[in-house]
>>> print(open('model.txt').read())   # compact mmCIF, C-alpha atoms
# COMPACT_ATOMS: atom_id res chain seq x y z
CA MET A 177 -7.57 -5.69 -22.28
CA SER A 178 -7.38 -9.43 -22.91
CA LYS A 179 -6.49 -11.86 -20.12
CA THR A 180 -3.24 -12.69 -21.88
CA GLY A 181 -2.32 -9.03 -22.25
CA LEU A 182 -3.10 -8.36 -18.59
CA ALA A 183 -1.03 -11.37 -17.47
CA GLU A 184 1.93 -10.20 -19.54
CA GLN A 185 1.63 -6.70 -18.11
CA LEU A 186 1.54 -7.94 -14.53
CA SER A 187 4.50 -10.25 -15.18
CA GLN A 188 6.44 -7.32 -16.64
CA LEU A 189 5.54 -5.20 -13.59
CA ILE A 190 6.88 -7.81 -11.16
CA ALA A 191 10.01 -8.37 -13.26
CA GLN A 192 10.76 -4.65 -13.42
CA VAL A 193 10.42 -4.09 -9.67
CA SER A 194 12.58 -7.20 -9.13
CA THR A 195 15.45 -5.44 -10.92
CA ILE A 196 15.40 -2.80 -8.17
CA VAL A 197 14.64 -4.93 -5.11
CA VAL A 198 16.65 -8.02 -5.98
CA GLY A 199 16.09 -11.44 -4.49
CA LYS A 200 12.62 -10.61 -3.11
CA ARG A 201 10.28 -11.79 -5.88
CA ALA A 202 7.86 -13.51 -3.48
CA GLN A 203 7.44 -10.33 -1.45
CA ILE A 204 7.00 -8.26 -4.62
CA GLU A 205 4.26 -10.61 -5.83
CA ASP A 206 2.49 -10.16 -2.49
CA CYS A 207 2.74 -6.38 -2.88
CA VAL A 208 1.28 -6.45 -6.40
CA ALA A 209 -1.52 -8.77 -5.27
CA CYS A 210 -2.31 -6.37 -2.43
CA LEU A 211 -2.61 -3.40 -4.77
CA LEU A 212 -4.62 -5.39 -7.32
CA ALA A 213 -7.04 -6.26 -4.54
CA GLY A 214 -7.48 -2.56 -3.81
CA GLY A 215 -5.82 -2.85 -0.41
CA HIS A 216 -3.19 -0.84 1.40
CA LEU A 217 0.29 -2.20 2.09
CA LEU A 218 2.42 -2.05 5.23
CA ILE A 219 6.11 -2.96 4.93
CA GLU A 220 7.74 -3.56 8.31
CA ASP A 221 11.43 -4.20 8.86
CA VAL A 222 14.64 -2.76 10.23
CA PRO A 223 16.03 0.36 8.53
CA GLY A 224 18.06 -0.04 5.36
CA VAL A 225 16.68 -3.24 3.82
CA GLY A 226 14.80 -1.56 0.95
CA LYS A 227 11.32 -0.77 2.29
CA THR A 228 11.13 2.73 0.83
CA THR A 229 12.90 1.61 -2.35
CA LEU A 230 10.27 -1.10 -2.92
CA ALA A 231 7.39 1.31 -2.34
CA HIS A 232 8.93 3.92 -4.66
CA ALA A 233 9.62 1.38 -7.41
CA LEU A 234 6.04 0.10 -7.26
CA ALA A 235 4.59 3.59 -7.55
CA VAL A 236 6.78 4.54 -10.51
CA SER A 237 6.21 1.23 -12.32
CA LEU A 238 2.44 1.56 -11.92
CA GLY A 239 2.53 4.97 -13.61
CA LEU A 240 0.52 6.52 -10.80
CA ARG A 241 0.82 10.00 -9.37
CA PHE A 242 2.44 9.61 -6.00
CA SER A 243 3.69 11.64 -3.09
CA ARG A 244 6.09 10.75 -0.31
CA THR A 245 5.66 11.96 3.26
CA GLN A 246 8.25 11.41 5.95
CA PHE A 247 6.33 10.74 9.15
CA THR A 248 7.91 12.40 12.18
CA ALA A 249 6.81 13.13 15.73
CA ASP A 250 5.87 16.74 14.87
CA LEU A 251 3.85 15.89 11.72
CA MET A 252 0.31 17.30 12.02
CA PRO A 253 -2.87 15.94 10.40
CA SER A 254 -3.19 19.08 8.26
CA ASP A 255 0.28 18.33 6.87
CA LEU A 256 -1.33 15.29 5.24
CA THR A 257 -4.82 16.42 4.34
CA GLY A 258 -4.17 20.07 3.46
CA VAL A 259 -5.28 23.43 4.74
CA SER A 260 -7.22 26.51 3.61
CA VAL A 261 -5.16 29.69 3.22
CA TYR A 262 -6.54 33.19 2.78
CA GLU A 263 -5.49 34.64 -0.57
CA ARG A 264 -5.68 38.41 -0.77
CA GLY A 265 -6.11 38.49 -4.54
CA LYS A 266 -9.20 36.29 -4.41
CA GLU A 267 -10.40 37.73 -1.09
CA ALA A 268 -11.28 34.20 0.01
CA PHE A 269 -9.87 31.13 1.66
CA VAL A 270 -8.46 28.68 -0.90
CA PHE A 271 -7.91 25.01 -0.05
CA HIS A 272 -4.40 23.73 -0.69
CA PRO A 273 -4.54 19.91 -0.85
CA GLY A 274 -1.96 17.92 1.07
CA PRO A 275 0.07 14.93 -0.09
CA VAL A 276 -2.81 12.53 0.60
CA PHE A 277 -4.40 13.75 -2.66
CA ALA A 278 -2.30 11.40 -4.76
CA GLN A 279 -2.90 8.00 -6.28
CA VAL A 280 -0.09 6.47 -4.22
CA LEU A 281 0.80 7.91 -0.83
CA LEU A 282 4.15 6.66 0.41
CA ALA A 283 3.94 7.03 4.19
CA ASP A 284 7.56 6.56 5.18
CA GLU A 285 8.17 5.37 8.76
CA ILE A 286 4.50 5.78 9.60
CA ASN A 287 4.97 4.69 13.21
CA ARG A 288 7.24 7.65 13.99
CA ALA A 289 4.22 10.00 13.93
CA GLY A 290 1.89 10.40 16.86
CA PRO A 291 -1.52 8.71 17.12
CA LYS A 292 -3.39 11.89 16.12
CA THR A 293 -1.58 12.10 12.80
CA GLN A 294 -1.90 8.36 12.17
CA SER A 295 -5.66 8.60 12.71
CA ALA A 296 -5.89 11.25 9.98
CA LEU A 297 -5.36 8.44 7.47
CA LEU A 298 -8.26 6.29 8.68
CA GLU A 299 -10.99 7.97 6.63
CA ALA A 300 -8.74 8.22 3.57
CA MET A 301 -7.81 4.53 3.65
CA GLU A 302 -11.34 3.23 4.23
CA GLU A 303 -13.60 5.70 2.42
CA HIS A 304 -11.15 7.09 -0.16
CA GLN A 305 -12.10 10.58 0.93
CA VAL A 306 -11.05 13.16 3.51
CA THR A 307 -13.12 15.64 5.46
CA VAL A 308 -11.34 18.94 6.02
CA GLU A 309 -12.95 21.96 7.67
CA GLY A 310 -16.38 20.40 7.34
CA GLU A 311 -16.13 19.63 3.62
CA THR A 312 -15.67 16.12 2.23
CA ARG A 313 -13.31 15.79 -0.70
CA ALA A 314 -12.88 12.65 -2.79
CA LEU A 315 -9.43 11.18 -3.38
CA PRO A 316 -8.25 10.18 -6.86
CA LYS A 317 -8.74 6.68 -8.24
CA PRO A 318 -7.03 4.36 -7.73
CA PHE A 319 -5.78 5.30 -4.27
CA PHE A 320 -3.20 3.29 -2.34
CA VAL A 321 -1.28 3.84 0.86
CA ILE A 322 2.09 2.12 0.91
CA ALA A 323 3.50 2.59 4.39
CA THR A 324 6.80 1.56 5.89
CA GLN A 325 7.52 1.16 9.58
CA ASN A 326 10.39 0.20 11.81
CA PRO A 327 10.05 -2.44 14.54
CA SER A 328 8.12 -1.05 17.51
CA ASP A 329 10.99 -1.73 19.92
CA GLN A 330 13.17 0.89 18.21
CA LEU A 331 13.53 4.39 19.65
CA GLY A 332 11.07 7.08 18.59
CA THR A 333 8.31 4.77 17.39
CA TYR A 334 4.63 4.60 18.30
CA ALA A 335 2.76 1.33 17.96
CA LEU A 336 0.02 1.52 15.33
CA PRO A 337 -3.40 1.12 16.95
CA GLU A 338 -5.55 -1.86 15.94
CA SER A 339 -7.93 0.41 14.02
CA GLN A 340 -5.03 1.62 11.87
CA LEU A 341 -3.58 -1.86 11.32
CA ASP A 342 -7.02 -3.09 10.26
CA ARG A 343 -6.95 -0.69 7.30
CA PHE A 344 -3.95 -2.48 5.80
CA LEU A 345 -4.69 -5.56 3.73
CA MET A 346 -1.15 -6.93 4.05
CA ARG A 347 1.87 -6.48 6.28
CA ILE A 348 5.09 -7.92 4.87
CA THR A 349 8.74 -8.02 5.86
CA LEU A 350 11.72 -8.07 3.52
CA GLY A 351 14.57 -9.38 5.62
CA TYR A 352 18.23 -9.27 4.70
CA PRO A 353 19.22 -10.23 1.14
CA ASP A 354 21.02 -13.47 0.33
CA LEU A 355 24.70 -13.35 -0.66
CA LEU A 356 24.17 -13.21 -4.43
CA SER A 357 21.50 -10.50 -4.16
CA GLU A 358 23.63 -8.41 -1.82
CA ARG A 359 26.60 -8.71 -4.19
CA ALA A 360 24.36 -7.47 -7.01
CA LEU A 361 23.40 -4.49 -4.86
CA LEU A 362 27.01 -3.71 -4.03
CA ALA A 363 28.28 -4.05 -7.59
CA GLY A 364 25.32 -2.54 -9.45
CA GLN A 365 23.88 0.89 -10.13
CA ASP A 366 22.57 3.04 -7.29
CA ARG A 367 18.98 1.89 -6.79
CA ARG A 368 17.62 5.40 -6.25
CA GLU A 369 19.00 6.50 -9.61
CA ALA A 370 17.69 3.35 -11.28
CA ILE A 371 14.15 4.02 -10.03
CA HIS A 372 13.98 7.36 -11.85
CA ALA A 373 14.81 5.57 -15.11
CA LEU A 374 11.96 3.07 -14.77
CA PRO A 375 9.23 3.35 -17.40
CA PRO A 376 5.60 3.02 -16.27
CA VAL A 377 4.30 -0.47 -17.01
CA MET A 378 0.64 0.34 -16.40
CA SER A 379 -1.60 3.38 -16.62
CA PRO A 380 -4.20 4.35 -13.98
CA GLU A 381 -6.96 3.16 -16.30
CA GLN A 382 -5.26 -0.20 -16.76
CA MET A 383 -4.84 -0.60 -12.99
CA LEU A 384 -8.56 0.07 -12.49
CA ALA A 385 -9.34 -2.49 -15.21
CA ALA A 386 -7.06 -5.01 -13.48
CA GLN A 387 -8.92 -4.46 -10.21
CA GLU A 388 -12.21 -5.13 -12.01
CA ALA A 389 -10.69 -8.36 -13.34
CA VAL A 390 -9.90 -9.35 -9.74
CA HIS A 391 -13.56 -8.93 -8.78
CA ALA A 392 -14.52 -11.23 -11.67
CA VAL A 393 -12.38 -14.15 -10.42
CA HIS A 394 -14.70 -16.98 -9.38
CA ALA A 395 -14.67 -18.22 -5.78
CA SER A 396 -16.42 -21.57 -5.26
CA ASN A 397 -18.65 -22.40 -2.30
CA PRO A 398 -16.11 -24.89 -0.81
CA LEU A 399 -13.53 -22.10 -0.83
CA LEU A 400 -15.94 -19.78 0.97
CA ASP A 401 -16.63 -22.54 3.50
CA TYR A 402 -12.89 -22.88 4.12
CA LEU A 403 -12.51 -19.12 4.54
CA GLN A 404 -15.37 -19.01 7.03
CA ALA A 405 -13.80 -21.88 8.96
CA LEU A 406 -10.54 -19.93 9.19
CA ILE A 407 -12.35 -16.80 10.37
CA GLY A 408 -14.30 -18.82 12.92
CA ALA A 409 -11.12 -20.39 14.27
CA THR A 410 -9.63 -16.96 14.98
CA ARG A 411 -12.75 -16.05 16.99
CA SER A 412 -12.73 -19.19 19.15
CA GLY A 413 -10.57 -17.58 21.83
CA ARG A 414 -8.08 -20.44 21.61
CA TRP A 415 -5.30 -18.68 19.70
CA PHE A 416 -6.17 -14.97 19.50
CA VAL A 417 -7.54 -12.34 21.86
CA ALA A 418 -9.72 -10.87 19.10
CA GLY A 419 -10.84 -12.69 15.97
CA LEU A 420 -10.88 -11.54 12.38
CA SER A 421 -13.50 -8.94 11.48
CA PRO A 422 -15.85 -9.32 8.49
CA ARG A 423 -13.72 -6.69 6.74
CA ALA A 424 -10.67 -8.92 7.23
CA GLY A 425 -12.47 -11.89 5.71
CA ILE A 426 -13.45 -9.85 2.67
CA GLY A 427 -9.85 -8.68 2.37
CA VAL A 428 -8.47 -12.23 2.49
CA LEU A 429 -10.86 -13.24 -0.29
CA ARG A 430 -9.85 -10.24 -2.43
CA ALA A 431 -6.19 -11.09 -1.92
CA ALA A 432 -6.80 -14.73 -2.90
CA ARG A 433 -8.55 -13.60 -6.07
CA ALA A 434 -5.65 -11.28 -6.87
CA ARG A 435 -3.14 -14.11 -6.44
CA ALA A 436 -5.23 -16.27 -8.76
CA LEU A 437 -5.13 -13.50 -11.36
CA LEU A 438 -1.34 -13.28 -11.02
CA ASP A 439 -1.23 -17.03 -11.64
CA GLN A 440 -3.31 -16.46 -14.82
CA ARG A 441 -6.40 -18.18 -13.41
CA ASP A 442 -9.99 -16.90 -13.38
CA TYR A 443 -11.00 -19.10 -10.43
>>> encode(input="model.txt", output="structure tokens")
Amino acid sequence: MSKTGLAEQLSQLIAQVSTIVVGKRAQIEDCVACLLAGGHLLIEDVPGVGKTTLAHALAVSLGLRFSRTQFTADLMPSDLTGVSVYERGKEAFVFHPGPVFAQVLLADEINRAGPKTQSALLEAMEEHQVTVEGETRALPKPFFVIATQNPSDQLGTYALPESQLDRFLMRITLGYPDLLSERALLAGQDRREAIHALPPVMSPEQMLAAQEAVHAVHASNPLLDYLQALIGATRSGRWFVAGLSPRAGIGVLRAARARALLDQRDY
């Protein structure tokens, strides 16, 4: 795909999602940049502001196979990864894959599940594979986790551990809509019905090609110097208890390259 064609496709993707989540174009651009960079996305805000709607609209618009899991206190790791069941006809145990075997996993209210279930996602998010009953199984490509969570001070929530937060490239908030956007929501079509009518803007192959284009964006040495200075500042002990990890630095650079691609630049 040409650079012009890719830019038009990404612009169409952002415009289409903006018809569902109105008045939040900047946040939608951040979400698309996160997915282009191959990262996972965490959307944190109070209930009812469109977190799940945004995640659902992104998945449908990207044309990717997705599954939605409602995280609750009694959700078990096997509910995500799958389980082997004995089938009499085959006289053998047959593995039944869980919802994590999708291209987009929508983890709704992820911080309402216990730490054991949250940790089941660590291998999937970092290695794009899961190990179940001693066997490692690869996840489809591309693979994204789009998670939503409520503020940690609300009832029935568990704070995500640092190891889990570190797997997310971005954490964004939506906030309440402005007056014009809220009027459009009140007067318009039901957003859940509108999502089902959305056509896919990209195919899985095109998303993988877009991610390759992100890797090809040039980053100059002065930019790398600036990034290292930022990382070093977080490790000085002056502002933060723990500084950014090397993985975080790589993620910031990938996100910057993705934003450049959205701005139709190759540098």
>>> residues_around(input="model.txt", residues="Ile322 of chain A", least_positions_apart="5", cutoff="7 Å", atoms="all atoms listed in the file", output="list in words")
His216, Leu217, Leu218, Ala231, Leu281, Leu282 and Ala283 of chain A
>>> write_last_selection(input="model.txt", atoms="C-alpha atoms", output="PDB file, keeping the file's coordinate frame")
ATOM      1  CA  HIS A 216      -3.190  -0.840   1.400  1.00  0.00           C
ATOM      2  CA  LEU A 217       0.290  -2.200   2.090  1.00  0.00           C
ATOM      3  CA  LEU A 218       2.420  -2.050   5.230  1.00  0.00           C
ATOM      4  CA  ALA A 231       7.390   1.310  -2.340  1.00  0.00           C
ATOM      5  CA  LEU A 281       0.800   7.910  -0.830  1.00  0.00           C
ATOM      6  CA  LEU A 282       4.150   6.660   0.410  1.00  0.00           C
ATOM      7  CA  ALA A 283       3.940   7.030   4.190  1.00  0.00           C
TER       8      ALA A 283
END
>>> residues_around(input="model.txt", residues="Ser339 of chain A", least_positions_apart="5", cutoff="12 Å", atoms="only C-alpha atoms", output="list in words")
Pro291, Gln294, Ser295, Ala296, Leu297, Leu298, Glu299, Met301, Glu302, Phe344, Ser421, Arg423 and Ala424 of chain A
>>> closest_residue(input="model.txt", among="A:His272, A:Arg241, A:Arg264, A:His394", to="Phe319 of chain A", atoms="only C-alpha atoms")
A:Arg241
>>> atom_distance(input="model.txt", atom1="atom CA of Thr229 of chain A", atom2="atom CA of Leu212 of chain A")
19.5 Å
>>> closest_residue(input="model.txt", among="A:Val306, A:Leu186, A:Met252, A:Val428", to="Gln404 of chain A", atoms="all atoms listed in the file")
A:Val428
>>> closest_residue(input="model.txt", among="A:Gln382, A:Val198, A:Ile407, A:Ala436", to="Glu358 of chain A", atoms="all atoms listed in the file")
A:Val198
>>> residues_around(input="model.txt", residues="Phe242 of chain A", least_positions_apart="4", cutoff="9 Å", atoms="all atoms listed in the file", output="MDAnalysis selection string")
chainID A and resid 232 235:236 275:282
>>> closest_residue(input="model.txt", among="A:Pro380, A:Pro253, A:Gly413, A:Pro375", to="Gln188 of chain A", atoms="only C-alpha atoms")
A:Pro375
>>> closest_residue(input="model.txt", among="A:Gln387, A:Gln340, A:Ser412, A:Thr307", to="Asn287 of chain A", atoms="only C-alpha atoms")
A:Gln340
>>> residues_around(input="model.txt", residues="Val390 of chain A", least_positions_apart="2", cutoff="8 Å", atoms="all atoms listed in the file", output="compact mmCIF listing (two decimals) with C-alpha atoms, in the coordinates of the input")
# COMPACT_ATOMS: atom_id res chain seq x y z
CA LEU A 212 -4.62 -5.39 -7.32
CA ALA A 213 -7.04 -6.26 -4.54
CA ALA A 386 -7.06 -5.01 -13.48
CA GLN A 387 -8.92 -4.46 -10.21
CA GLU A 388 -12.21 -5.13 -12.01
CA ALA A 392 -14.52 -11.23 -11.67
CA VAL A 393 -12.38 -14.15 -10.42
CA ARG A 430 -9.85 -10.24 -2.43
CA ARG A 433 -8.55 -13.60 -6.07
CA ALA A 434 -5.65 -11.28 -6.87
CA LEU A 437 -5.13 -13.50 -11.36
